[in-house]
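Below: coords.txt (compact mmCIF, C-alpha atoms)
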```
# COMPACT_ATOMS: atom_id res chain seq x y z
CA LEU H 18 113.99 126.96 97.47
CA GLU H 19 117.40 126.88 99.16
CA ASP H 20 117.64 130.67 98.90
CA LEU H 21 114.12 130.96 100.27
CA ALA H 22 115.01 128.73 103.21
CA ALA H 23 118.14 130.80 103.93
CA ALA H 24 116.18 134.05 103.86
CA GLN H 25 113.38 132.78 106.08
CA THR H 26 115.58 131.03 108.64
CA LYS H 27 118.05 133.88 109.10
CA ARG H 28 115.86 135.54 111.73
CA PHE H 29 116.01 132.31 113.77
CA HIS H 30 119.84 132.49 113.75
CA TYR H 31 119.88 129.23 111.83
CA ASN H 32 123.41 129.28 110.45
CA ARG H 33 123.50 126.08 108.39
CA ARG H 34 122.31 126.32 104.81
CA VAL H 35 119.43 123.95 104.15
CA LYS H 36 119.94 121.84 101.05
CA VAL H 37 116.90 121.00 98.91
CA ILE H 38 116.77 118.05 96.51
CA LEU H 39 113.88 117.83 94.04
CA THR H 40 113.38 114.50 92.27
CA TRP H 41 110.91 113.03 89.80
CA LYS H 42 110.11 109.45 90.84
CA PRO H 43 106.47 108.58 90.03
CA ARG H 44 106.90 105.00 91.26
CA ASP H 45 108.46 105.99 94.58
CA SER H 46 105.98 106.19 97.47
CA HIS H 47 108.07 108.78 99.30
CA LEU H 48 106.66 112.31 99.04
CA ALA H 49 108.82 114.59 101.18
CA PHE H 50 111.13 114.19 104.17
CA THR H 51 114.11 115.78 105.89
CA ASP H 52 117.04 114.64 108.01
CA ASN H 53 117.55 118.18 109.38
CA LEU H 54 120.28 118.82 106.81
CA THR H 55 118.51 118.21 103.50
CA ILE H 56 114.90 118.50 102.39
CA HIS H 57 113.88 115.88 99.82
CA ILE H 58 110.77 116.41 97.69
CA ASN H 59 109.51 113.94 95.10
CA ALA H 60 107.72 116.12 92.53
CA GLY H 61 106.62 112.98 90.67
CA ASN H 62 104.49 111.69 93.54
CA PRO H 63 100.74 111.47 92.69
CA VAL H 64 99.98 113.97 95.46
CA VAL H 65 101.65 116.54 93.20
CA THR H 66 100.93 115.21 89.73
CA LYS H 67 97.18 114.77 90.24
CA VAL H 68 96.90 118.54 90.71
CA LYS H 69 96.18 120.30 87.41
CA GLY H 70 98.21 123.30 86.29
CA ARG H 71 101.87 124.24 86.72
CA GLU H 72 101.15 127.06 89.17
CA ASN H 73 98.97 124.82 91.32
CA ARG H 74 101.60 122.09 91.34
CA TYR H 75 104.22 124.64 92.31
CA GLN H 76 102.08 125.68 95.29
CA ILE H 77 101.84 122.05 96.43
CA ILE H 78 105.62 121.62 96.16
CA LEU H 79 106.13 124.88 98.05
CA GLY H 80 103.67 123.65 100.68
CA LEU H 81 105.67 120.43 101.06
CA PHE H 82 108.84 122.49 101.34
CA THR H 83 107.22 124.64 104.03
CA HIS H 84 106.17 121.57 106.01
CA GLU H 85 109.68 120.08 105.93
CA LEU H 86 111.26 123.44 106.72
CA GLY H 87 109.03 123.46 109.79
CA HIS H 88 110.66 120.22 110.92
CA VAL H 89 114.10 121.73 110.35
CA LEU H 90 113.22 124.74 112.47
CA TYR H 91 111.09 123.22 115.21
CA THR H 92 111.64 119.46 115.49
CA ASP H 93 114.19 118.31 118.08
CA PHE H 94 116.01 115.66 116.05
CA LEU H 95 118.59 115.07 118.78
CA ALA H 96 115.89 114.33 121.35
CA ALA H 97 114.23 111.92 118.92
CA GLN H 98 117.51 110.01 118.52
CA SER H 99 118.00 109.94 122.28
CA TYR H 100 114.49 108.52 122.63
CA ALA H 101 115.26 105.66 120.25
CA ASN H 102 118.58 104.93 121.97
CA SER H 103 116.91 104.87 125.37
CA LEU H 104 114.24 102.41 124.21
CA ALA H 105 116.98 100.07 123.05
CA LEU H 106 118.56 100.29 126.53
CA GLY H 107 115.27 99.57 128.25
CA HIS H 108 114.19 102.91 129.65
CA TRP H 109 112.14 105.97 128.73
CA TYR H 110 113.46 109.29 127.51
CA PRO H 111 113.24 112.03 128.67
CA ALA H 112 111.07 110.60 131.47
CA ALA H 113 108.60 107.82 132.07
CA PRO H 114 105.00 108.63 131.09
CA SER H 115 102.70 109.62 133.94
CA LEU H 116 100.50 106.56 134.49
CA THR H 117 97.66 106.74 137.00
CA LYS H 118 95.42 103.87 135.89
CA ALA H 119 96.09 100.29 136.95
CA ALA H 120 95.50 99.13 133.36
CA ASP H 121 98.20 101.51 132.07
CA ILE H 122 100.67 100.29 134.70
CA ARG H 123 100.05 96.69 133.63
CA SER H 124 100.43 97.69 129.98
CA GLU H 125 103.77 99.35 130.70
CA ALA H 126 105.05 96.18 132.35
CA GLU H 127 103.92 94.14 129.34
CA PHE H 128 105.54 96.71 127.04
CA TRP H 129 108.98 96.30 128.61
CA ASP H 130 108.58 92.52 128.70
CA TYR H 131 107.94 92.66 124.95
CA VAL H 132 110.93 94.94 124.33
CA LYS H 133 113.26 92.54 126.17
CA ALA H 134 111.78 89.34 124.76
CA ASP H 135 113.57 89.43 121.39
CA PRO H 136 116.64 91.28 120.05
CA GLY H 137 114.59 92.64 117.15
CA ASN H 138 111.76 94.02 119.29
CA PRO H 139 113.43 97.29 120.35
CA GLN H 140 113.87 98.27 116.71
CA MET H 141 110.24 97.50 115.91
CA VAL H 142 108.99 99.47 118.91
CA SER H 143 111.30 102.35 118.04
CA TYR H 144 109.96 102.43 114.48
CA LEU H 145 106.37 102.62 115.70
CA ALA H 146 107.24 105.25 118.31
CA HIS H 147 108.80 107.31 115.53
CA ARG H 148 105.56 107.12 113.53
CA ILE H 149 103.55 108.34 116.52
CA SER H 150 106.06 111.08 117.31
CA ASN H 151 106.11 112.24 113.69
CA ILE H 152 102.32 112.59 113.70
CA LEU H 153 102.49 114.88 116.72
CA GLU H 154 105.38 116.80 115.18
CA ASP H 155 103.47 117.23 111.91
CA GLY H 156 100.60 118.89 113.72
CA TYR H 157 102.90 121.06 115.80
CA VAL H 158 105.23 122.30 113.05
CA GLU H 159 102.40 123.11 110.64
CA ASN H 160 100.64 125.22 113.24
CA ARG H 161 103.91 127.02 114.01
CA MET H 162 104.65 127.66 110.33
CA LEU H 163 101.17 129.05 109.68
CA ILE H 164 101.65 131.50 112.55
CA GLN H 165 105.27 132.46 111.86
CA PHE H 166 105.07 132.62 108.04
CA PRO H 167 101.63 133.96 107.05
CA GLY H 168 102.81 135.11 103.61
CA THR H 169 104.01 133.03 100.66
CA LEU H 170 104.97 129.97 102.70
CA GLY H 171 101.83 130.04 104.83
CA TYR H 172 99.64 130.35 101.75
CA ALA H 173 101.30 127.36 100.06
CA LEU H 174 101.04 125.28 103.22
CA THR H 175 97.36 126.15 103.49
CA ARG H 176 96.82 124.95 99.90
CA LEU H 177 98.56 121.67 100.73
CA ARG H 178 96.52 121.25 103.91
CA GLU H 179 93.26 121.81 102.03
CA LEU H 180 94.23 119.01 99.67
CA HIS H 181 95.21 116.74 102.55
CA LEU H 182 92.01 117.38 104.50
CA ARG H 183 89.90 116.73 101.41
CA ASP H 184 91.53 113.31 100.99
CA MET H 185 91.51 112.42 104.69
CA PRO H 186 89.57 109.14 105.04
CA THR H 187 86.54 108.87 107.29
CA VAL H 188 86.38 106.33 110.09
CA THR H 189 83.96 104.34 107.95
CA GLN H 190 86.48 104.25 105.10
CA LEU H 191 89.26 103.25 107.50
CA LYS H 192 87.17 100.34 108.78
CA GLU H 193 86.44 99.25 105.23
CA ALA H 194 90.19 99.28 104.48
CA GLU H 195 90.74 96.99 107.46
CA ASP H 196 88.41 94.46 105.83
CA THR H 197 89.41 94.86 102.19
CA GLU H 198 93.09 95.83 102.36
CA GLY H 199 94.20 94.10 105.54
CA ARG H 200 94.98 97.33 107.36
CA HIS H 201 95.32 96.99 111.11
CA ILE H 202 92.99 98.76 113.51
CA PHE H 203 95.95 100.61 115.05
CA GLU H 204 96.79 102.05 111.63
CA SER H 205 93.25 103.45 111.58
CA ILE H 206 93.77 104.94 115.05
CA LEU H 207 97.02 106.56 113.91
CA GLN H 208 95.27 108.06 110.90
CA MET H 209 92.59 109.54 113.17
CA ILE H 210 95.23 110.99 115.51
CA LEU H 211 96.91 112.57 112.48
CA SER H 212 93.61 114.12 111.37
CA TYR H 213 93.03 115.60 114.81
CA ALA H 214 96.64 116.76 115.26
CA LYS H 215 96.72 118.60 111.93
CA PHE H 216 93.15 119.79 111.47
CA GLY H 217 91.52 119.57 114.88
CA GLU H 218 88.80 117.22 113.65
CA ILE H 219 88.01 113.60 112.91
CA ARG H 220 85.77 112.66 110.01
CA TYR H 221 83.46 110.01 111.42
CA GLY H 222 81.59 109.04 108.28
CA GLU H 223 78.70 106.79 109.27
CA GLU H 224 80.28 105.51 112.49
CA PRO H 225 78.71 106.18 115.92
CA LEU H 226 80.80 107.89 118.57
CA SER H 227 80.76 104.61 120.50
CA ASP H 228 83.12 103.01 117.94
CA GLU H 229 86.22 101.71 119.73
CA ARG H 230 88.60 103.60 117.44
CA ILE H 231 86.85 106.89 118.13
CA GLN H 232 86.68 106.23 121.86
CA THR H 233 90.39 105.35 121.93
CA VAL H 234 91.33 108.65 120.29
CA PHE H 235 88.88 110.57 122.49
CA GLY H 236 90.70 109.17 125.53
CA LEU H 237 93.98 110.61 124.21
CA LEU H 238 92.76 114.11 123.30
CA PRO H 239 94.02 115.92 126.44
CA GLU H 240 97.53 114.53 125.94
CA ILE H 241 97.46 115.26 122.20
CA ASP H 242 96.33 118.85 122.85
CA GLU H 243 99.15 119.39 125.35
CA ALA H 244 101.68 117.92 122.91
CA LEU H 245 100.52 120.28 120.15
CA MET H 246 100.68 123.36 122.39
CA THR H 247 104.05 122.82 124.03
CA ARG H 248 107.22 124.06 122.35
CA SER H 249 109.20 121.26 123.98
CA GLY H 250 109.99 118.35 121.70
CA ARG H 251 110.82 116.30 124.78
CA GLU H 252 107.30 116.74 126.12
CA ARG H 253 105.92 115.52 122.80
CA LEU H 254 108.09 112.43 123.19
CA GLU H 255 106.54 111.85 126.61
CA ALA H 256 103.13 112.01 124.91
CA THR H 257 104.42 109.47 122.38
CA SER H 258 105.27 107.10 125.22
CA LEU H 259 101.85 107.58 126.78
CA ILE H 260 100.10 106.79 123.49
CA LEU H 261 102.18 103.61 123.14
CA ILE H 262 101.09 102.44 126.58
CA ARG H 263 97.44 103.55 126.40
CA CYS H 264 97.07 101.73 123.07
CA TRP H 265 99.21 98.73 123.99
CA GLN H 266 96.44 96.21 123.32
CA TYR H 267 96.40 97.37 119.70
CA VAL H 268 100.11 98.13 119.47
CA ARG H 269 101.27 94.66 120.45
CA ASP H 270 99.01 92.96 117.93
CA PHE H 271 100.11 95.43 115.25
CA LEU H 272 103.79 94.74 115.96
CA GLU H 273 103.15 91.02 115.64
CA ARG H 274 101.40 91.67 112.33
CA CYS H 275 104.44 93.63 111.16
CA ARG H 276 106.70 90.74 112.18
CA GLU H 277 104.60 88.30 110.17
CA ARG H 278 104.80 90.58 107.14
CA GLN H 279 108.58 90.81 107.45
CA GLU H 280 108.98 87.06 107.80
CA ALA H 281 106.73 86.43 104.81
CA ALA H 282 108.64 88.98 102.74
CA ALA H 283 111.98 87.46 103.74
CA ALA H 284 110.76 83.97 102.83
CA SER H 285 109.73 85.15 99.38
CA GLY H 286 112.94 87.08 98.83
CA ALA H 287 111.16 90.43 98.82
CA SER H 288 111.66 93.41 101.08
CA ILE H 289 109.18 95.33 103.19
CA THR H 290 109.32 98.70 104.92
```
Produce structure tokens that represent the structure in this file.
Amino acid sequence: LEDLAAAQTKRFHYNRRVKVILTWKPRDSHLAFTDNLTIHINAGNPVVTKVKGRENRYQIILGLFTHELGHVLYTDFLAAQSYANSLALGHWYPAAPSLTKAADIRSEAEFWDYVKADPGNPQMVSYLAHRISNILEDGYVENRMLIQFPGTLGYALTRLRELHLRDMPTVTQLKEAEDTEGRHIFESILQMILSYAKFGEIRYGEEPLSDERIQTVFGLLPEIDEALMTRSGRERLEATSLILIRCWQYVRDFLERCRERQEAAAASGASIT
């Protein structure tokens, strides 16, 4: 895989050799990730092991590799770090989101009040912003990789995407998880944004289009589309900021839920991520 990465990235004048680490950790929830220097893939994750046949499993691993290689090639990691640093200092990076509605302007004011209210709040907000940004980046880099690498890598990524789309929950299933598993409504909204960003569709299940989750995502579609089409990672970060503000009513409650989980875990001596 490292040789494959070197061969494929040479035409982009990418001079650093990408390191690849394959592990077998069935109990580890991590599947694949990269820090721009190393690609980590957990071949023991159920996403891989539930697929039957060595060749089919290899294609899934190669698809995961292709996805992470896309981040190495196309994700602006430096801009993402600058974004997090700027949030901690109390301002937007690279620029403030364009807000035209009075409700959004009020939400932005509440957002910064929340950030400044507690020393731990900037880190929590930064974590959530990273989740939103990564969703947009996932959609962008996969589309780029499918276009730029239509051969072996593109085929493997397509196999992985077929598996992912098949398992993508419907809005009805997401709502059920809110009731039975304690998932937050904003987690459902994030899952729907991911579905649209990667596959261009949302699986509604039995829910009417009037559902508040669906309407919230519908209201963000123009910004999501622009974020997926631009080659600028900074512009995707601006879209991240806009999503944070447009969804602030859900975001704030979700952050408080996360705080409660952390405090409960700390009281019991456990850890939570």
Per-residue nearest contacts stretch 64-169 of chain H to stretch 30-51 of chain H, cut-off 9 Å, using all atoms listed in the file, as JSON lines:
```
{"residue": "H:Val64", "atom": "CA", "partner": "H:Leu48", "partner_atom": "CA", "distance": 7.8}
{"residue": "H:Val65", "atom": "CA", "partner": "H:Leu48", "partner_atom": "CA", "distance": 8.8}
{"residue": "H:Thr66", "atom": "CA", "partner": "H:Pro43", "partner_atom": "CA", "distance": 8.6}
{"residue": "H:Leu81", "atom": "CA", "partner": "H:Ala49", "partner_atom": "CA", "distance": 6.6}
{"residue": "H:Phe82", "atom": "CA", "partner": "H:Ala49", "partner_atom": "CA", "distance": 7.9}
{"residue": "H:His84", "atom": "CA", "partner": "H:Ala49", "partner_atom": "CA", "distance": 8.9}
{"residue": "H:Glu85", "atom": "CA", "partner": "H:Thr51", "partner_atom": "CA", "distance": 6.2}
{"residue": "H:Leu86", "atom": "CA", "partner": "H:Thr51", "partner_atom": "CA", "distance": 8.2}
{"residue": "H:His88", "atom": "CA", "partner": "H:Thr51", "partner_atom": "CA", "distance": 7.5}
{"residue": "H:Val89", "atom": "CA", "partner": "H:Thr51", "partner_atom": "CA", "distance": 7.4}
{"residue": "H:Leu90", "atom": "CA", "partner": "H:Tyr31", "partner_atom": "CA", "distance": 8.1}
```
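Taking atom CA of H:Asp121 and atom CA of H:Arg269 as the two end points, the separation is 13.8 Å.
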For this session: May I have the residues at most 12 Å from (109.3, 124.3, 114.2) in the file's coordinates, counting all atoms listed in the file, as JSON, numbers by chain?
Result: {"H": [26, 29, 31, 53, 83, 84, 85, 86, 87, 88, 89, 90, 91, 92, 93, 94, 153, 154, 155, 156, 157, 158, 159, 160, 161, 162, 163, 164, 165, 166, 245, 246, 247, 248, 249, 250]}
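Between H:Ala101 and the residues H:Glu125, H:Leu207, H:Glu273, H:His147, the shortest atom-to-atom distance, using only C-alpha atoms, involves H:His147.
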For this session: Quick one: everything within 12 Å of H:Leu226, counting only C-alpha atoms, minus sequence neighbours fewer than 6 positions away in the same chain. Send it as a PyMOL selection string.
Result: chain H and resi 188-189+219-220+232-235
Go ahead and save the picked residues with C-alpha atoms, as a short mmCIF file (atom, residue, chain, number, x, y, z; two decimals), in the frame of the given file.
```cif
data_model
loop_
_atom_site.label_atom_id
_atom_site.label_comp_id
_atom_site.auth_asym_id
_atom_site.auth_seq_id
_atom_site.Cartn_x
_atom_site.Cartn_y
_atom_site.Cartn_z
CA VAL H 188 86.38 106.33 110.09
CA THR H 189 83.96 104.34 107.95
CA ILE H 219 88.01 113.60 112.91
CA ARG H 220 85.77 112.66 110.01
CA GLN H 232 86.68 106.23 121.86
CA THR H 233 90.39 105.35 121.93
CA VAL H 234 91.33 108.65 120.29
CA PHE H 235 88.88 110.57 122.49
#
```
Problem set entry | H:Ala120 environment, 10 Å, only C-alpha atoms, sequence neighbours closer than 4 positions dropped, as a list of chain:residue names | H:Leu116, H:Ser124, H:Glu125, H:Ile262, H:Arg263
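Here atom CA of H:Asp135 is placed at a distance of 22.3 Å from atom CA of H:Leu259.
Going from atom CA of H:Gln140 over to atom CA of H:Asn102, you cover 9.7 Å.
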Seminar exercise, completed: With distances taken over only C-alpha atoms, the candidate from H:Asn59, H:Gln190, H:Ser99, H:Ser143 nearest H:Leu272 is H:Ser143
Problem set entry | Top pick for closest residue to H:Trp129, considering H:Arg276, H:Lys67, H:His108, H:Arg148 and counting all atoms listed in the file | H:His108
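Candidate residues H:Ile202, H:Ile58, H:Ala173, H:Leu18 were compared for distance to H:Gln266, and the nearest is H:Ile202, using only C-alpha atoms.
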For this session: Name the residues within 8 Å of (116.0, 110.6, 128.0), counting only C-alpha atoms in the file's coordinates, and put them as a ChimeraX atom specification.
Result: /H:96,99-100,103,109-112
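Using all atoms listed in the file, the shortest contact distance between H:Ala113 and any of H:Glu243, H:Glu229, H:Asp270, H:Glu255 is found at H:Glu255.
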Serialized stretch 261-272 of chain H w/ all heavy atoms as a PDB file, in the first residue's frame:
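This went into decode11.pdb:
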```
ATOM      1  N   LEU H 261     -22.629  25.340  11.987  1.00  0.00           N
ATOM      2  CA  LEU H 261     -22.646  25.496  13.439  1.00  0.00           C
ATOM      3  C   LEU H 261     -23.677  26.541  13.871  1.00  0.00           C
ATOM      4  O   LEU H 261     -24.433  26.329  14.825  1.00  0.00           O
ATOM      5  CB  LEU H 261     -21.261  25.919  13.940  1.00  0.00           C
ATOM      6  CG  LEU H 261     -20.237  24.831  14.248  1.00  0.00           C
ATOM      7  CD1 LEU H 261     -18.898  25.462  14.576  1.00  0.00           C
ATOM      8  CD2 LEU H 261     -20.705  23.945  15.399  1.00  0.00           C
ATOM      9  N   ILE H 262     -23.703  27.664  13.158  1.00  0.00           N
ATOM     10  CA  ILE H 262     -24.600  28.748  13.542  1.00  0.00           C
ATOM     11  C   ILE H 262     -26.043  28.435  13.161  1.00  0.00           C
ATOM     12  O   ILE H 262     -26.967  28.628  13.961  1.00  0.00           O
ATOM     13  CB  ILE H 262     -24.144  30.068  12.897  1.00  0.00           C
ATOM     14  CG1 ILE H 262     -22.751  30.443  13.395  1.00  0.00           C
ATOM     15  CG2 ILE H 262     -25.146  31.181  13.186  1.00  0.00           C
ATOM     16  CD1 ILE H 262     -22.630  30.509  14.903  1.00  0.00           C
ATOM     17  N   ARG H 263     -26.267  27.928  11.947  1.00  0.00           N
ATOM     18  CA  ARG H 263     -27.626  27.620  11.513  1.00  0.00           C
ATOM     19  C   ARG H 263     -28.276  26.561  12.403  1.00  0.00           C
ATOM     20  O   ARG H 263     -29.484  26.559  12.599  1.00  0.00           O
ATOM     21  CB  ARG H 263     -27.594  27.115  10.067  1.00  0.00           C
ATOM     22  CG  ARG H 263     -27.330  28.192   9.047  1.00  0.00           C
ATOM     23  CD  ARG H 263     -28.617  28.860   8.581  1.00  0.00           C
ATOM     24  NE  ARG H 263     -28.347  29.832   7.548  1.00  0.00           N
ATOM     25  CZ  ARG H 263     -28.252  29.529   6.257  1.00  0.00           C
ATOM     26  NH1 ARG H 263     -28.429  28.273   5.861  1.00  0.00           N
ATOM     27  NH2 ARG H 263     -28.003  30.463   5.367  1.00  0.00           N
ATOM     28  N   CYS H 264     -27.475  25.680  12.945  1.00  0.00           N
ATOM     29  CA  CYS H 264     -28.001  24.582  13.777  1.00  0.00           C
ATOM     30  C   CYS H 264     -27.760  24.828  15.257  1.00  0.00           C
ATOM     31  O   CYS H 264     -27.814  23.889  16.064  1.00  0.00           O
ATOM     32  CB  CYS H 264     -27.330  23.262  13.367  1.00  0.00           C
ATOM     33  SG  CYS H 264     -27.624  22.745  11.674  1.00  0.00           S
ATOM     34  N   TRP H 265     -27.513  26.075  15.643  1.00  0.00           N
ATOM     35  CA  TRP H 265     -27.099  26.359  17.009  1.00  0.00           C
ATOM     36  C   TRP H 265     -28.091  25.858  18.047  1.00  0.00           C
ATOM     37  O   TRP H 265     -27.716  25.402  19.127  1.00  0.00           O
ATOM     38  CB  TRP H 265     -26.845  27.846  17.180  1.00  0.00           C
ATOM     39  CG  TRP H 265     -26.460  28.224  18.577  1.00  0.00           C
ATOM     40  CD1 TRP H 265     -27.113  29.057  19.434  1.00  0.00           C
ATOM     41  CD2 TRP H 265     -25.307  27.756  19.291  1.00  0.00           C
ATOM     42  NE1 TRP H 265     -26.449  29.140  20.629  1.00  0.00           N
ATOM     43  CE2 TRP H 265     -25.337  28.354  20.570  1.00  0.00           C
ATOM     44  CE3 TRP H 265     -24.259  26.894  18.984  1.00  0.00           C
ATOM     45  CZ2 TRP H 265     -24.371  28.119  21.534  1.00  0.00           C
ATOM     46  CZ3 TRP H 265     -23.297  26.642  19.945  1.00  0.00           C
ATOM     47  CH2 TRP H 265     -23.345  27.251  21.203  1.00  0.00           C
ATOM     48  N   GLN H 266     -29.389  25.923  17.745  1.00  0.00           N
ATOM     49  CA  GLN H 266     -30.376  25.462  18.730  1.00  0.00           C
ATOM     50  C   GLN H 266     -30.171  23.991  19.067  1.00  0.00           C
ATOM     51  O   GLN H 266     -30.398  23.572  20.212  1.00  0.00           O
ATOM     52  CB  GLN H 266     -31.787  25.667  18.191  1.00  0.00           C
ATOM     53  CG  GLN H 266     -32.098  24.888  16.915  1.00  0.00           C
ATOM     54  CD  GLN H 266     -33.564  24.977  16.545  1.00  0.00           C
ATOM     55  OE1 GLN H 266     -34.434  24.908  17.404  1.00  0.00           O
ATOM     56  NE2 GLN H 266     -33.849  25.146  15.256  1.00  0.00           N
ATOM     57  N   TYR H 267     -29.738  23.199  18.103  1.00  0.00           N
ATOM     58  CA  TYR H 267     -29.447  21.792  18.351  1.00  0.00           C
ATOM     59  C   TYR H 267     -28.030  21.610  18.894  1.00  0.00           C
ATOM     60  O   TYR H 267     -27.793  20.764  19.763  1.00  0.00           O
ATOM     61  CB  TYR H 267     -29.591  20.984  17.067  1.00  0.00           C
ATOM     62  CG  TYR H 267     -30.947  21.091  16.420  1.00  0.00           C
ATOM     63  CD1 TYR H 267     -31.098  21.699  15.172  1.00  0.00           C
ATOM     64  CD2 TYR H 267     -32.085  20.578  17.039  1.00  0.00           C
ATOM     65  CE1 TYR H 267     -32.343  21.793  14.565  1.00  0.00           C
ATOM     66  CE2 TYR H 267     -33.333  20.665  16.444  1.00  0.00           C
ATOM     67  CZ  TYR H 267     -33.455  21.282  15.209  1.00  0.00           C
ATOM     68  OH  TYR H 267     -34.682  21.375  14.614  1.00  0.00           O
ATOM     69  N   VAL H 268     -27.113  22.402  18.361  1.00  0.00           N
ATOM     70  CA  VAL H 268     -25.704  22.266  18.732  1.00  0.00           C
ATOM     71  C   VAL H 268     -25.498  22.526  20.216  1.00  0.00           C
ATOM     72  O   VAL H 268     -24.816  21.762  20.909  1.00  0.00           O
ATOM     73  CB  VAL H 268     -24.830  23.219  17.888  1.00  0.00           C
ATOM     74  CG1 VAL H 268     -23.417  23.309  18.464  1.00  0.00           C
ATOM     75  CG2 VAL H 268     -24.782  22.761  16.438  1.00  0.00           C
ATOM     76  N   ARG H 269     -26.093  23.614  20.716  1.00  0.00           N
ATOM     77  CA  ARG H 269     -25.878  23.956  22.121  1.00  0.00           C
ATOM     78  C   ARG H 269     -26.391  22.852  23.041  1.00  0.00           C
ATOM     79  O   ARG H 269     -25.712  22.460  24.001  1.00  0.00           O
ATOM     80  CB  ARG H 269     -26.571  25.273  22.457  1.00  0.00           C
ATOM     81  CG  ARG H 269     -26.395  25.656  23.920  1.00  0.00           C
ATOM     82  CD  ARG H 269     -26.645  27.114  24.176  1.00  0.00           C
ATOM     83  NE  ARG H 269     -26.192  27.482  25.515  1.00  0.00           N
ATOM     84  CZ  ARG H 269     -25.964  28.717  25.906  1.00  0.00           C
ATOM     85  NH1 ARG H 269     -26.127  29.720  25.062  1.00  0.00           N
ATOM     86  NH2 ARG H 269     -25.565  28.964  27.131  1.00  0.00           N
ATOM     87  N   ASP H 270     -27.561  22.339  22.760  1.00  0.00           N
ATOM     88  CA  ASP H 270     -28.116  21.269  23.584  1.00  0.00           C
ATOM     89  C   ASP H 270     -27.254  20.017  23.489  1.00  0.00           C
ATOM     90  O   ASP H 270     -27.043  19.318  24.489  1.00  0.00           O
ATOM     91  CB  ASP H 270     -29.545  20.960  23.140  1.00  0.00           C
ATOM     92  CG  ASP H 270     -30.244  19.982  24.080  1.00  0.00           C
ATOM     93  OD1 ASP H 270     -30.493  20.353  25.237  1.00  0.00           O
ATOM     94  OD2 ASP H 270     -30.516  18.843  23.642  1.00  0.00           O
ATOM     95  N   PHE H 271     -26.722  19.738  22.290  1.00  0.00           N
ATOM     96  CA  PHE H 271     -25.867  18.570  22.114  1.00  0.00           C
ATOM     97  C   PHE H 271     -24.568  18.723  22.903  1.00  0.00           C
ATOM     98  O   PHE H 271     -24.100  17.773  23.539  1.00  0.00           O
ATOM     99  CB  PHE H 271     -25.559  18.373  20.632  1.00  0.00           C
ATOM    100  CG  PHE H 271     -24.609  17.233  20.353  1.00  0.00           C
ATOM    101  CD1 PHE H 271     -24.946  15.935  20.700  1.00  0.00           C
ATOM    102  CD2 PHE H 271     -23.382  17.458  19.746  1.00  0.00           C
ATOM    103  CE1 PHE H 271     -24.077  14.879  20.450  1.00  0.00           C
ATOM    104  CE2 PHE H 271     -22.519  16.417  19.491  1.00  0.00           C
ATOM    105  CZ  PHE H 271     -22.857  15.126  19.838  1.00  0.00           C
ATOM    106  N   LEU H 272     -23.988  19.928  22.900  1.00  0.00           N
ATOM    107  CA  LEU H 272     -22.757  20.160  23.651  1.00  0.00           C
ATOM    108  C   LEU H 272     -22.997  19.984  25.152  1.00  0.00           C
ATOM    109  O   LEU H 272     -22.147  19.443  25.856  1.00  0.00           O
ATOM    110  CB  LEU H 272     -22.228  21.565  23.360  1.00  0.00           C
ATOM    111  CG  LEU H 272     -21.676  21.784  21.947  1.00  0.00           C
ATOM    112  CD1 LEU H 272     -21.311  23.255  21.739  1.00  0.00           C
ATOM    113  CD2 LEU H 272     -20.460  20.903  21.678  1.00  0.00           C
TER     114      LEU H 272
END
```
